[in-house]
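Visitor: Input input_14.cif, format and content: mmCIF, C-alpha atoms and all ligand atoms.
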```cif
data_protein
loop_
_atom_site.label_atom_id
_atom_site.label_comp_id
_atom_site.auth_asym_id
_atom_site.auth_seq_id
_atom_site.Cartn_x
_atom_site.Cartn_y
_atom_site.Cartn_z
CA MET N 1 -33.99 -12.26 -47.55
CA ARG N 2 -30.65 -13.19 -49.18
CA ASN N 3 -30.45 -16.40 -47.08
CA ARG N 4 -34.00 -17.31 -48.08
CA PHE N 5 -33.05 -16.84 -51.73
CA ILE N 6 -29.95 -19.07 -51.35
CA TYR N 7 -32.08 -21.67 -49.52
CA ILE N 8 -34.65 -21.76 -52.36
CA CYS N 9 -31.88 -21.96 -55.01
CA ASN N 10 -30.21 -24.86 -53.17
CA HIS N 11 -33.52 -26.74 -52.95
CA PHE N 12 -34.20 -26.14 -56.63
CA LEU N 13 -30.69 -27.27 -57.61
CA SER N 14 -30.85 -30.42 -55.50
CA PHE N 15 -34.29 -31.17 -56.99
CA LEU N 16 -32.81 -30.84 -60.49
CA MET N 17 -29.80 -32.97 -59.62
CA SER N 18 -31.92 -35.27 -57.41
CA THR N 19 -29.21 -35.58 -54.78
CA LYS N 20 -30.27 -38.01 -52.07
CA ILE N 21 -27.92 -38.25 -49.12
CA LEU N 22 -27.28 -40.99 -46.56
CA ILE N 23 -25.24 -40.05 -43.48
CA ILE N 24 -23.90 -43.11 -41.68
CA GLY N 25 -22.94 -42.31 -38.07
CA ALA N 26 -25.10 -39.18 -38.13
CA CYS N 27 -25.49 -38.87 -34.35
CA GLY N 28 -21.80 -38.26 -33.58
CA GLN N 29 -20.10 -34.91 -33.00
CA ILE N 30 -19.56 -34.03 -36.67
CA GLY N 31 -22.53 -36.02 -38.01
CA THR N 32 -25.04 -34.04 -35.94
CA GLU N 33 -24.00 -30.67 -37.35
CA LEU N 34 -23.34 -32.04 -40.82
CA THR N 35 -26.91 -33.40 -40.88
CA ALA N 36 -28.29 -29.92 -40.09
CA ALA N 37 -26.10 -28.25 -42.73
CA LEU N 38 -27.06 -30.80 -45.41
CA GLN N 39 -30.77 -30.42 -44.53
CA THR N 40 -30.45 -26.67 -45.12
CA ARG N 41 -28.67 -27.17 -48.41
CA TYR N 42 -30.62 -30.08 -49.93
CA GLY N 43 -33.91 -30.07 -48.04
CA ALA N 44 -34.62 -32.32 -45.03
CA ALA N 45 -36.49 -34.91 -47.11
CA ASN N 46 -33.35 -35.50 -49.21
CA VAL N 47 -31.15 -36.27 -46.21
CA ILE N 48 -31.43 -39.68 -44.57
CA ALA N 49 -29.71 -39.76 -41.18
CA SER N 50 -28.65 -43.10 -39.75
CA ASP N 51 -26.81 -44.46 -36.75
CA ILE N 52 -26.69 -47.48 -34.50
CA ARG N 53 -29.09 -45.64 -32.17
CA LYS N 54 -31.05 -42.41 -32.53
CA SER N 55 -29.98 -39.34 -30.58
CA ASP N 56 -32.73 -37.06 -29.25
CA ASP N 57 -31.27 -33.96 -30.94
CA LYS N 58 -34.15 -32.32 -32.74
CA VAL N 59 -32.25 -32.28 -36.03
CA PHE N 60 -33.07 -35.99 -36.31
CA SER N 61 -36.81 -35.44 -36.19
CA GLU N 62 -36.62 -33.25 -39.31
CA SER N 63 -35.39 -35.98 -41.71
CA PRO N 64 -36.10 -39.69 -42.22
CA PHE N 65 -33.97 -41.71 -39.75
CA GLU N 66 -32.74 -45.31 -40.11
CA ILE N 67 -31.19 -47.47 -37.40
CA LEU N 68 -28.08 -48.73 -39.20
CA ASP N 69 -24.93 -50.55 -38.10
CA ALA N 70 -22.01 -49.31 -40.22
CA THR N 71 -20.52 -52.83 -40.33
CA ASP N 72 -23.76 -54.31 -41.71
CA LYS N 73 -23.07 -54.63 -45.43
CA LEU N 74 -26.57 -55.80 -46.36
CA GLY N 75 -28.20 -53.23 -44.08
CA ILE N 76 -26.37 -50.38 -45.83
CA LYS N 77 -27.23 -51.74 -49.28
CA THR N 78 -30.91 -52.12 -48.36
CA CYS N 79 -31.01 -48.57 -47.01
CA VAL N 80 -29.30 -47.20 -50.15
CA GLU N 81 -31.79 -48.98 -52.41
CA LYS N 82 -34.84 -48.10 -50.30
CA HIS N 83 -34.06 -44.35 -50.38
CA GLN N 84 -32.40 -44.25 -53.83
CA ILE N 85 -29.30 -42.70 -52.30
CA THR N 86 -26.79 -40.89 -54.53
CA ASP N 87 -24.25 -39.60 -51.98
CA VAL N 88 -23.00 -41.31 -48.80
CA TYR N 89 -21.22 -39.50 -45.95
CA LEU N 90 -19.62 -42.24 -43.86
CA MET N 91 -19.01 -40.60 -40.46
CA ALA N 92 -19.05 -43.71 -38.22
CA ALA N 93 -15.67 -44.53 -36.64
CA LEU N 94 -13.96 -45.39 -33.39
CA LEU N 95 -11.64 -42.46 -32.57
CA SER N 96 -8.03 -42.60 -31.39
CA ALA N 97 -8.37 -43.13 -27.62
CA THR N 98 -11.29 -45.59 -27.76
CA ALA N 99 -9.67 -47.52 -30.60
CA GLU N 100 -6.58 -48.19 -28.46
CA LYS N 101 -8.84 -49.96 -25.95
CA ASN N 102 -10.47 -52.16 -28.57
CA PRO N 103 -8.10 -52.47 -31.55
CA GLU N 104 -9.85 -55.34 -33.35
CA PHE N 105 -13.29 -53.78 -33.21
CA ALA N 106 -11.81 -50.42 -34.28
CA TRP N 107 -10.26 -52.07 -37.32
CA GLU N 108 -13.47 -53.90 -38.16
CA LEU N 109 -15.65 -50.79 -37.85
CA ASN N 110 -13.30 -48.28 -39.46
CA MET N 111 -12.25 -50.51 -42.37
CA ASN N 112 -15.24 -52.68 -43.20
CA SER N 113 -17.71 -49.82 -43.22
CA LEU N 114 -15.51 -48.01 -45.76
CA LEU N 115 -15.14 -51.07 -47.99
CA HIS N 116 -18.92 -51.68 -47.91
CA VAL N 117 -19.58 -48.13 -49.09
CA LEU N 118 -16.78 -48.09 -51.68
CA ASN N 119 -18.14 -51.35 -53.13
CA LEU N 120 -21.63 -49.85 -53.45
CA ALA N 121 -20.06 -47.01 -55.46
CA LYS N 122 -18.03 -49.48 -57.52
CA ASP N 123 -21.29 -51.33 -58.32
CA LYS N 124 -22.86 -47.96 -59.31
CA LEU N 125 -25.53 -48.08 -56.58
CA ILE N 126 -24.29 -44.68 -55.37
CA GLU N 127 -22.49 -41.82 -57.15
CA LYS N 128 -20.32 -40.10 -54.55
CA VAL N 129 -18.70 -40.94 -51.22
CA PHE N 130 -17.37 -38.71 -48.44
CA TRP N 131 -15.06 -40.42 -45.96
CA PRO N 132 -13.21 -38.57 -43.19
CA SER N 133 -9.54 -39.17 -42.53
CA SER N 134 -7.54 -37.53 -39.74
CA ILE N 135 -4.23 -35.95 -38.75
CA ALA N 136 -3.76 -39.34 -37.00
CA VAL N 137 -2.39 -40.71 -40.31
CA PHE N 138 0.89 -38.99 -39.45
CA GLY N 139 3.44 -40.45 -37.04
CA LYS N 140 6.57 -39.70 -35.11
CA ASN N 141 8.77 -39.47 -38.23
CA SER N 142 6.42 -37.08 -40.06
CA PRO N 143 7.54 -33.43 -39.93
CA LYS N 144 5.88 -31.94 -36.82
CA LYS N 145 5.41 -28.37 -38.05
CA GLN N 146 3.46 -27.48 -41.17
CA THR N 147 3.19 -31.20 -41.97
CA PRO N 148 2.99 -31.41 -45.79
CA GLN N 149 0.28 -33.08 -47.86
CA HIS N 150 2.72 -35.78 -49.00
CA THR N 151 5.33 -36.90 -46.47
CA ILE N 152 6.46 -39.79 -44.24
CA MET N 153 3.41 -41.44 -42.67
CA ASP N 154 4.01 -43.93 -39.88
CA PRO N 155 0.97 -43.82 -37.57
CA SER N 156 1.40 -45.62 -34.26
CA THR N 157 -2.28 -45.83 -33.24
CA VAL N 158 -4.91 -48.31 -34.44
CA TYR N 159 -7.06 -45.35 -35.45
CA GLY N 160 -4.20 -43.81 -37.47
CA ILE N 161 -3.40 -47.14 -39.12
CA SER N 162 -7.06 -47.60 -40.10
CA LYS N 163 -7.26 -44.04 -41.47
CA LEU N 164 -4.05 -44.41 -43.50
CA SER N 165 -5.24 -47.77 -44.87
CA GLY N 166 -8.60 -46.20 -45.66
CA GLU N 167 -6.90 -43.42 -47.60
CA ARG N 168 -5.04 -46.01 -49.66
CA TRP N 169 -8.33 -47.84 -50.36
CA CYS N 170 -10.01 -44.59 -51.41
CA GLU N 171 -7.29 -43.83 -53.93
CA TYR N 172 -7.28 -47.44 -55.14
CA TYR N 173 -11.05 -47.42 -55.78
CA TYR N 174 -10.76 -44.08 -57.58
CA GLU N 175 -7.84 -45.19 -59.77
CA ASN N 176 -9.07 -48.70 -60.55
CA TYR N 177 -12.87 -48.43 -60.53
CA GLY N 178 -13.48 -44.70 -61.07
CA VAL N 179 -15.22 -44.35 -57.69
CA ASP N 180 -15.85 -40.67 -56.90
CA VAL N 181 -14.60 -40.65 -53.32
CA ARG N 182 -13.56 -37.47 -51.51
CA SER N 183 -11.82 -37.10 -48.17
CA ILE N 184 -10.23 -34.63 -45.77
CA ARG N 185 -7.93 -35.14 -42.80
CA TYR N 186 -9.77 -33.58 -39.86
CA PRO N 187 -7.75 -32.03 -37.04
CA GLY N 188 -9.33 -31.87 -33.55
CA ILE N 189 -12.86 -30.50 -34.00
CA ILE N 190 -14.30 -28.05 -31.47
CA SER N 191 -18.06 -27.65 -31.16
CA TRP N 192 -20.72 -26.86 -28.59
CA LYS N 193 -23.80 -28.72 -29.95
CA ALA N 194 -22.75 -32.38 -29.70
CA GLN N 195 -19.87 -33.69 -27.57
CA PRO N 196 -17.03 -35.69 -29.14
CA GLY N 197 -16.37 -39.18 -27.83
CA GLY N 198 -13.15 -41.13 -27.56
CA GLY N 199 -10.65 -38.77 -29.20
CA THR N 200 -7.30 -37.40 -28.04
CA THR N 201 -8.29 -33.84 -28.97
CA ASP N 202 -11.51 -34.05 -26.88
CA TYR N 203 -9.89 -32.03 -24.07
CA ALA N 204 -10.39 -28.92 -26.22
CA VAL N 205 -14.18 -29.37 -25.93
CA GLU N 206 -14.38 -30.75 -22.37
CA ILE N 207 -12.39 -27.75 -21.09
CA PHE N 208 -15.22 -25.35 -22.06
CA HIS N 209 -17.94 -27.43 -20.39
CA GLU N 210 -15.93 -27.65 -17.17
CA ALA N 211 -14.90 -23.98 -17.28
CA ILE N 212 -18.54 -22.92 -17.43
CA LYS N 213 -19.91 -25.49 -14.97
CA ASN N 214 -17.07 -25.69 -12.39
CA ASP N 215 -14.51 -22.96 -13.12
CA SER N 216 -11.81 -25.67 -13.29
CA TYR N 217 -10.59 -28.53 -15.49
CA THR N 218 -8.14 -31.42 -15.15
CA CYS N 219 -6.49 -31.88 -18.53
CA PHE N 220 -5.32 -35.32 -19.70
CA LEU N 221 -2.57 -33.77 -21.87
CA LYS N 222 0.51 -31.80 -20.77
CA GLU N 223 0.28 -28.01 -20.87
CA ASN N 224 2.62 -27.58 -23.86
CA THR N 225 1.09 -30.20 -26.16
CA MET N 226 0.48 -28.38 -29.44
CA LEU N 227 -2.16 -29.90 -31.74
CA PRO N 228 -4.01 -28.76 -34.90
CA MET N 229 -7.63 -27.73 -34.16
CA MET N 230 -10.67 -26.44 -36.07
CA PHE N 231 -14.09 -25.02 -35.24
CA MET N 232 -17.04 -27.19 -36.33
CA ASP N 233 -18.44 -24.60 -38.76
CA ASP N 234 -15.19 -24.68 -40.73
CA ALA N 235 -15.09 -28.50 -40.66
CA VAL N 236 -18.67 -28.82 -41.93
CA ARG N 237 -18.06 -26.22 -44.64
CA ALA N 238 -14.90 -28.06 -45.76
CA THR N 239 -16.88 -31.31 -45.95
CA ILE N 240 -19.68 -29.84 -48.05
CA ASP N 241 -17.28 -27.82 -50.22
CA ILE N 242 -15.14 -30.79 -51.21
CA MET N 243 -18.28 -32.79 -52.04
CA ASN N 244 -19.50 -29.96 -54.26
CA ALA N 245 -16.17 -29.23 -55.96
CA GLU N 246 -15.92 -30.13 -59.63
CA SER N 247 -14.53 -33.65 -59.98
CA THR N 248 -11.50 -32.30 -61.89
CA GLU N 249 -10.64 -29.99 -58.98
CA VAL N 250 -10.38 -32.90 -56.53
CA LYS N 251 -6.92 -34.03 -57.56
CA VAL N 252 -6.02 -35.84 -54.33
CA ARG N 253 -8.16 -38.98 -53.97
CA SER N 254 -6.54 -40.28 -50.80
CA SER N 255 -7.28 -37.38 -48.43
CA TYR N 256 -6.56 -33.65 -48.17
CA ASN N 257 -4.76 -31.85 -45.34
CA ILE N 258 -6.92 -29.04 -43.99
CA ALA N 259 -5.97 -26.64 -41.20
CA ALA N 260 -7.33 -23.75 -39.17
CA THR N 261 -5.31 -23.14 -36.01
CA SER N 262 -2.97 -24.87 -33.54
CA PHE N 263 -2.64 -24.36 -29.80
CA THR N 264 -1.60 -25.97 -26.51
CA PRO N 265 -3.84 -26.53 -23.46
CA LYS N 266 -1.93 -23.68 -21.78
CA GLU N 267 -2.59 -21.26 -24.66
CA LEU N 268 -6.27 -22.26 -24.72
CA THR N 269 -6.47 -21.67 -20.97
CA VAL N 270 -5.10 -18.13 -21.33
CA GLU N 271 -7.75 -17.35 -23.97
CA ILE N 272 -10.56 -18.81 -21.82
CA GLN N 273 -9.36 -16.80 -18.81
CA GLU N 274 -9.82 -13.61 -20.84
CA LEU N 275 -13.56 -14.29 -20.71
CA LEU N 276 -13.78 -16.39 -17.53
CA PRO N 277 -11.09 -14.93 -15.21
CA ASN N 278 -11.78 -17.43 -12.38
CA PHE N 279 -11.00 -20.46 -14.54
CA THR N 280 -8.13 -22.69 -13.38
CA ILE N 281 -6.56 -25.79 -14.95
CA ASN N 282 -4.34 -28.60 -13.71
CA TYR N 283 -2.67 -31.39 -15.65
CA GLU N 284 -2.81 -35.16 -15.19
CA PRO N 285 -1.50 -36.64 -18.45
CA ASP N 286 -2.64 -40.20 -19.23
CA PHE N 287 -2.15 -42.68 -22.12
CA ARG N 288 -3.50 -40.07 -24.56
CA GLN N 289 -0.31 -38.04 -24.14
CA ALA N 290 1.68 -40.58 -26.19
CA ILE N 291 -0.94 -40.42 -28.94
CA ALA N 292 -0.80 -36.61 -29.02
CA ASP N 293 3.02 -36.69 -29.02
CA SER N 294 2.96 -38.79 -32.20
CA TRP N 295 0.80 -36.27 -34.11
CA PRO N 296 1.69 -33.07 -35.97
CA GLU N 297 1.69 -29.67 -34.26
CA SER N 298 0.49 -27.85 -37.35
CA ILE N 299 -0.63 -28.73 -40.87
CA ASP N 300 0.16 -27.33 -44.32
CA ASP N 301 -3.11 -27.16 -46.25
CA THR N 302 -1.97 -25.32 -49.37
CA THR N 303 -2.91 -28.23 -51.65
CA ALA N 304 -6.58 -28.03 -50.55
CA ALA N 305 -6.43 -24.22 -50.83
CA ASN N 306 -5.10 -24.45 -54.40
CA ASP N 307 -7.29 -27.34 -55.61
CA TRP N 308 -10.75 -26.45 -54.25
CA ASN N 309 -10.29 -23.07 -52.65
CA TRP N 310 -10.26 -24.19 -49.01
CA SER N 311 -9.61 -21.69 -46.24
CA ALA N 312 -10.59 -21.61 -42.56
CA THR N 313 -12.30 -18.68 -40.90
CA PHE N 314 -12.15 -19.33 -37.11
CA ASP N 315 -8.93 -18.63 -35.16
CA ILE N 316 -8.45 -19.45 -31.47
CA LYS N 317 -10.03 -16.17 -30.26
CA ALA N 318 -13.12 -16.64 -32.44
CA ILE N 319 -13.45 -20.29 -31.33
CA VAL N 320 -13.25 -19.39 -27.62
CA SER N 321 -15.77 -16.61 -28.00
CA GLU N 322 -18.26 -18.85 -29.90
CA MET N 323 -17.85 -21.72 -27.45
CA ILE N 324 -18.33 -19.64 -24.30
CA THR N 325 -21.23 -17.58 -25.63
CA ASN N 326 -23.15 -20.62 -26.89
CA LEU N 327 -22.39 -22.97 -24.01
CA LYS N 328 -23.30 -20.30 -21.45
CA SER N 329 -26.79 -20.11 -22.92
CA THR N 330 -27.22 -23.91 -23.16
CA LEU N 331 -25.48 -25.12 -19.96
CA VAL N 332 -26.36 -22.42 -17.43
C1 LIG P 1 -9.12 -37.87 -32.27
O1 LIG P 1 -8.63 -37.16 -31.38
O2 LIG P 1 -9.03 -39.10 -32.29
C2 LIG P 1 -9.84 -37.19 -33.41
C3 LIG P 1 -8.95 -36.93 -34.57
C4 LIG P 1 -7.87 -35.93 -34.49
O3 LIG P 1 -9.12 -37.54 -35.60
N1 LIG P 1 -10.42 -35.96 -32.96
#
```
Let me see whether you can do it: turn the structure in this file into C-alpha cells.

Guide:
Amino acid sequence: MRNRFIYICNHFLSFLMSTKILIIGACGQIGTELTAALQTRYGAANVIASDIRKSDDKVFSESPFEILDATDKLGIKTCVEKHQITDVYLMAALLSATAEKNPEFAWELNMNSLLHVLNLAKDKLIEKVFWPSSIAVFGKNSPKKQTPQHTIMDPSTVYGISKLSGERWCEYYYENYGVDVRSIRYPGIISWKAQPGGGTTDYAVEIFHEAIKNDSYTCFLKENTMLPMMFMDDAVRATIDIMNAESTEVKVRSSYNIAATSFTPKELTVEIQELLPNFTINYEPDFRQAIADSWPESIDDTTAANDWNWSATFDIKAIVSEMITNLKSTLV
C-alpha cells in the first residue's frame, strides 16, 4: 500500500516536472537495473532506453527503445530532440580490462560520448547529465586505504585515464558553461540480473555463477587482492539520489567517492563457503592483477555522505546472501 502510494507520488511529480530520461548504454550491467529503477520512479513512458543493440531482458519491452551508438553525435542529438529528453544517463563505456586490449577505441568511446552529451547540455538541449566515473581514476601513488576524495591521481590504465579526463571535463563544463553534470566513482559492482563485461572486478560476480553451477572457480586475481565493492541496489540508489539532490548540495562536479565494502577473493570465498560448503577456488592471476594492484583497497566517502547524505546498506554478508539466493532461483 505504502509502495503504491510512493509510486503514484513519483509519477505525479515526474509529470509535473516533465522529466524525460535517455539512458545511453542501457543494456549493460548497471544500465539494465538502472532502467528498471528509473521506470519505477518516473514511469516507463518517460524512460527511453538505448544501446548499440537491444538485450532481450524484459525491462526493455516496457519502455521505448532506440538503437544508438554512443559515439554517434548526430544520432544522440536526434534522439534527444525526438523524445524531448531532459536528463541523460550516459552508461556506455569500455571497462578496464577490455580497454587495455583496444586503447584507441576505449578512448574514443569513453571520451567522445561524454563530450557529445556535455555539449548538448551546454547548448541547452538537455538539463541534467549523469556520467559514471570509477575507482580506476586512482593510481599507484594514491593512498591505498581509505583513499580520500581529493588526492594524488595517477591512473595507469586507459580506462582510468579516460575516467580522470572525463571528470576534468565534467567540472570544466560545470564551471564554464553551467552544465548540471553529476558523477560518482563506482567501485566493483556486484549483481545477479545482468553480467558485467570487461572489468577487473568482474571476478566478484563470476565467482557466484561458477559456485552455483560447478562448485568451483578459477580466479584471475591473487587471493589477497583487496578491492572496493558494492551491491547493485546501493549503486543504483546512489545514482538516482545524486541526480535528485538539490543542485546546491552537489558541491563536487568532477566525481564523488562512494563506498560500501572491501574484500579479497579469499574473504569472499570464506563467505560463500558458509552457504555453499562444497565450493572451492584456485588462483591463476593474469594481466588484470596489475590493474587491480594499481587501485585502492578502500575508499573514503565522507564527502558524499556530508553533501547529499550518501550511505551504503549492503555489507559482504548481505551481498553473498542476496547473490546466492537469487542466482539459485535463476540458474538452477
Ligand atoms: C572495472 O573493473 O573496470 C569496473 C570499475 C571498477 O570501474 N568494474

Visitor: With 8 Å as the cut-off and only C-alpha atoms and all ligand atoms counted, what is the closest atom pair between each nearby residue of chain N and ligand LIG 1 (chain P)? Distances in Å to one decimal, ordered by chain and number, as a Markdown table.

Guide:
```
| residue | atom | partner | partner_atom | distance |
| --- | --- | --- | --- | --- |
| N:Leu95 | CA | P:LIG1 | O2 | 4.3 |
| N:Ser96 | CA | P:LIG1 | O2 | 3.7 |
| N:Ala97 | CA | P:LIG1 | O2 | 6.2 |
| N:Ser133 | CA | P:LIG1 | O3 | 7.1 |
| N:Ser134 | CA | P:LIG1 | O3 | 4.4 |
| N:Ile135 | CA | P:LIG1 | C4 | 5.6 |
| N:Ala136 | CA | P:LIG1 | O3 | 5.8 |
| N:Tyr159 | CA | P:LIG1 | O2 | 7.3 |
| N:Arg185 | CA | P:LIG1 | O3 | 7.7 |
| N:Tyr186 | CA | P:LIG1 | O3 | 5.9 |
| N:Pro187 | CA | P:LIG1 | C4 | 4.7 |
| N:Gly188 | CA | P:LIG1 | N1 | 4.3 |
| N:Ile189 | CA | P:LIG1 | N1 | 6.1 |
| N:Pro196 | CA | P:LIG1 | N1 | 7.6 |
| N:Gly198 | CA | P:LIG1 | O2 | 6.6 |
| N:Gly199 | CA | P:LIG1 | O1 | 3.4 |
| N:Thr200 | CA | P:LIG1 | O1 | 3.6 |
| N:Thr201 | CA | P:LIG1 | O1 | 4.1 |
| N:Asp202 | CA | P:LIG1 | O1 | 6.2 |
```

Visitor: Excluding Ser50 of chain N and its own-chain neighbours fewer than 5 positions away, which residues fall within 7 Å of it when counting all atoms listed in the file? Please give them as a list in words.

Guide: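 Close residues of Ser50 of chain N: Ile23, Ile24, Gly25, Ala26, Phe65, Glu66, Ile67 and Leu68 of chain N.
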
Visitor: When distances are computed from all atoms listed in the file, which of N:Leu34, N:Ala99, N:Leu22, N:Val129 shows the smallest separation from Ile85 of chain N?

Guide: N:Leu22

Visitor: Around all the atoms of segment 247-258 of chain N listed in the file, draw an axis-aligned box and extend it by 8 Å on each of the six sides; I want its centre and edge lengths in Å to one decimal, as AutoDock Vina command-line options.

Guide:
```
--center_x -9.6 --center_y -34.7 --center_z -52.9 --size_x 25.8 --size_y 27.2 --size_z 33.9
```

Visitor: Give the answer as one residue: which of N:Gln149, N:Ser113, N:Val181, N:Ala194 has the shortest atom-to-atom distance to Val59 of chain N, using all atoms listed in the file?

Guide: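 Closest to Val59 of chain N, using all atoms listed in the file: N:Ala194.
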
Visitor: Of the residues N:Thr35, N:Ser298, N:Ser329, N:Ser321, which is the one nearest to Leu276 of chain N, using all atoms listed in the file?

Guide: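 Going through N:Thr35, N:Ser298, N:Ser329, N:Ser321 one by one, the smallest distance to Leu276 of chain N is for N:Ser321.
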
Visitor: What lies within 10 Å of Ser216 of chain N using all atoms listed in the file, ignoring chain neighbours under 5 positions off, as a compact mmCIF listing (two decimals) with C-alpha atoms, in the coordinates of the input?

Guide:
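part.txt written:
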```txt
# COMPACT_ATOMS: atom_id res chain seq x y z
CA ILE N 207 -12.39 -27.75 -21.09
CA PHE N 208 -15.22 -25.35 -22.06
CA HIS N 209 -17.94 -27.43 -20.39
CA GLU N 210 -15.93 -27.65 -17.17
CA ALA N 211 -14.90 -23.98 -17.28
CA ASN N 278 -11.78 -17.43 -12.38
CA PHE N 279 -11.00 -20.46 -14.54
CA THR N 280 -8.13 -22.69 -13.38
CA ILE N 281 -6.56 -25.79 -14.95
CA ASN N 282 -4.34 -28.60 -13.71
```

Visitor: Could you check the closest approach to Glu267 of chain N for each of N:Leu118, N:Val179, N:Ala106, N:Val320 and tell me which residue wins, using all atoms listed in the file?

Guide: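 Ranking N:Leu118, N:Val179, N:Ala106, N:Val320 by distance to Glu267 of chain N, first place goes to N:Val320.
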
Visitor: Got a sec: who's within 10 Å of Ala290 of chain N, counting all atoms listed in the file, leaving out chain neighbours fewer than 4 positions off, as a short mmCIF file (atom, residue, chain, number, x, y, z; two decimals) with C-alpha atoms, keeping the file's coordinate frame?

Guide:
```cif
data_model
loop_
_atom_site.label_atom_id
_atom_site.label_comp_id
_atom_site.auth_asym_id
_atom_site.auth_seq_id
_atom_site.Cartn_x
_atom_site.Cartn_y
_atom_site.Cartn_z
CA SER N 156 1.40 -45.62 -34.26
CA THR N 157 -2.28 -45.83 -33.24
CA THR N 200 -7.30 -37.40 -28.04
CA LEU N 221 -2.57 -33.77 -21.87
CA PRO N 285 -1.50 -36.64 -18.45
CA ASP N 286 -2.64 -40.20 -19.23
CA SER N 294 2.96 -38.79 -32.20
CA TRP N 295 0.80 -36.27 -34.11
#
```

Visitor: Choose the residue, out of N:Gly166, N:Pro265, N:Gly197, N:Gly28, that has the smallest atom-to-atom separation from Asn110 of chain N; count all atoms listed in the file.

Guide: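 Distance minimum relative to Asn110 of chain N lands on N:Gly166.
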
Visitor: N:Val80, N:Pro155, N:Thr261, N:Pro277: which is nearest Ser142 of chain N, counting only C-alpha atoms?

Guide: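 For Ser142 of chain N, the nearest of the candidates is N:Pro155.
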
Visitor: Could you jot down the atom CA of Ile324 of chain N to atom CA of Glu271 of chain N separation for me, Å, one decimal place?

Guide: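 Interatomic distance here is 10.8 Å.
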
Visitor: Do you know which residues lie at most 12 Å from (-35.9, -46.9, -49.7), with coordinates as in the file and all atoms listed in the file counted, and could you write them as a PDB file with C-alpha atoms, in the frame of the given file?

Guide:
```pdb
ATOM      1  CA  LYS N  20     -30.270 -38.010 -52.070  1.00  0.00           C
ATOM      2  CA  ILE N  21     -27.920 -38.250 -49.120  1.00  0.00           C
ATOM      3  CA  LEU N  22     -27.280 -40.990 -46.560  1.00  0.00           C
ATOM      4  CA  ASN N  46     -33.350 -35.500 -49.210  1.00  0.00           C
ATOM      5  CA  ILE N  48     -31.430 -39.680 -44.570  1.00  0.00           C
ATOM      6  CA  PRO N  64     -36.100 -39.690 -42.220  1.00  0.00           C
ATOM      7  CA  PHE N  65     -33.970 -41.710 -39.750  1.00  0.00           C
ATOM      8  CA  GLU N  66     -32.740 -45.310 -40.110  1.00  0.00           C
ATOM      9  CA  GLY N  75     -28.200 -53.230 -44.080  1.00  0.00           C
ATOM     10  CA  ILE N  76     -26.370 -50.380 -45.830  1.00  0.00           C
ATOM     11  CA  LYS N  77     -27.230 -51.740 -49.280  1.00  0.00           C
ATOM     12  CA  THR N  78     -30.910 -52.120 -48.360  1.00  0.00           C
ATOM     13  CA  CYS N  79     -31.010 -48.570 -47.010  1.00  0.00           C
ATOM     14  CA  VAL N  80     -29.300 -47.200 -50.150  1.00  0.00           C
ATOM     15  CA  GLU N  81     -31.790 -48.980 -52.410  1.00  0.00           C
ATOM     16  CA  LYS N  82     -34.840 -48.100 -50.300  1.00  0.00           C
ATOM     17  CA  HIS N  83     -34.060 -44.350 -50.380  1.00  0.00           C
ATOM     18  CA  GLN N  84     -32.400 -44.250 -53.830  1.00  0.00           C
ATOM     19  CA  ILE N  85     -29.300 -42.700 -52.300  1.00  0.00           C
ATOM     20  CA  THR N  86     -26.790 -40.890 -54.530  1.00  0.00           C
TER      21      THR N  86
END
```

Visitor: Would you compute the distance between atom CA of Gln146 of chain N and atom CA of Ile161 of chain N? Give it in Å to one decimal.

Guide: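 Atom CA of Gln146 of chain N sits 20.9 Å away from atom CA of Ile161 of chain N.
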
Visitor: Record the distance separating atom CA of Ser162 of chain N and atom CA of Leu115 of chain N, expressed in Å with one decimal.

Guide: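 Value for the atom CA of Ser162 of chain N-atom CA of Leu115 of chain N distance: 11.8 Å.
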
Visitor: Report as an MDAnalysis selection string all protein, DNA and RNA residues lying within 10 Å of Ser311 of chain N, evaluated on only C-alpha atoms, omitting residues in the same chain fewer than 5 positions from it.

Guide: chainID N and resid 234 237:238 258:260 301:302 304:306

Visitor: Is there a way to get, as a ChimeraX atom specification, all residues within 7 Å of the point (-5.0, -34.8, -13.2) in file coordinates, counting only C-alpha atoms?

Guide: /N:218-220,282-285

Visitor: Excluding same-chain residues fewer than 2 positions from Asp293 of chain N, what lies within 10 Å of it counting all atoms listed in the file, as a PyMOL selection string?

Guide: chain N and resi 139-140+144+221-222+225-227+288-291+295-297

Visitor: Restricted to C-alpha atoms, what would the selected residues look like written as an mmCIF file, in the frame of the given file?

Guide:
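To be explicit, this is the file written out as again-v3.cif:
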```cif
data_model
loop_
_atom_site.group_PDB
_atom_site.id
_atom_site.type_symbol
_atom_site.label_atom_id
_atom_site.label_comp_id
_atom_site.auth_asym_id
_atom_site.auth_seq_id
_atom_site.Cartn_x
_atom_site.Cartn_y
_atom_site.Cartn_z
ATOM 1 C CA GLY N 139 3.440 -40.450 -37.040
ATOM 2 C CA LYS N 140 6.570 -39.700 -35.110
ATOM 3 C CA LYS N 144 5.880 -31.940 -36.820
ATOM 4 C CA LEU N 221 -2.570 -33.770 -21.870
ATOM 5 C CA LYS N 222 0.510 -31.800 -20.770
ATOM 6 C CA THR N 225 1.090 -30.200 -26.160
ATOM 7 C CA MET N 226 0.480 -28.380 -29.440
ATOM 8 C CA LEU N 227 -2.160 -29.900 -31.740
ATOM 9 C CA ARG N 288 -3.500 -40.070 -24.560
ATOM 10 C CA GLN N 289 -0.310 -38.040 -24.140
ATOM 11 C CA ALA N 290 1.680 -40.580 -26.190
ATOM 12 C CA ILE N 291 -0.940 -40.420 -28.940
ATOM 13 C CA TRP N 295 0.800 -36.270 -34.110
ATOM 14 C CA PRO N 296 1.690 -33.070 -35.970
ATOM 15 C CA GLU N 297 1.690 -29.670 -34.260
#
```
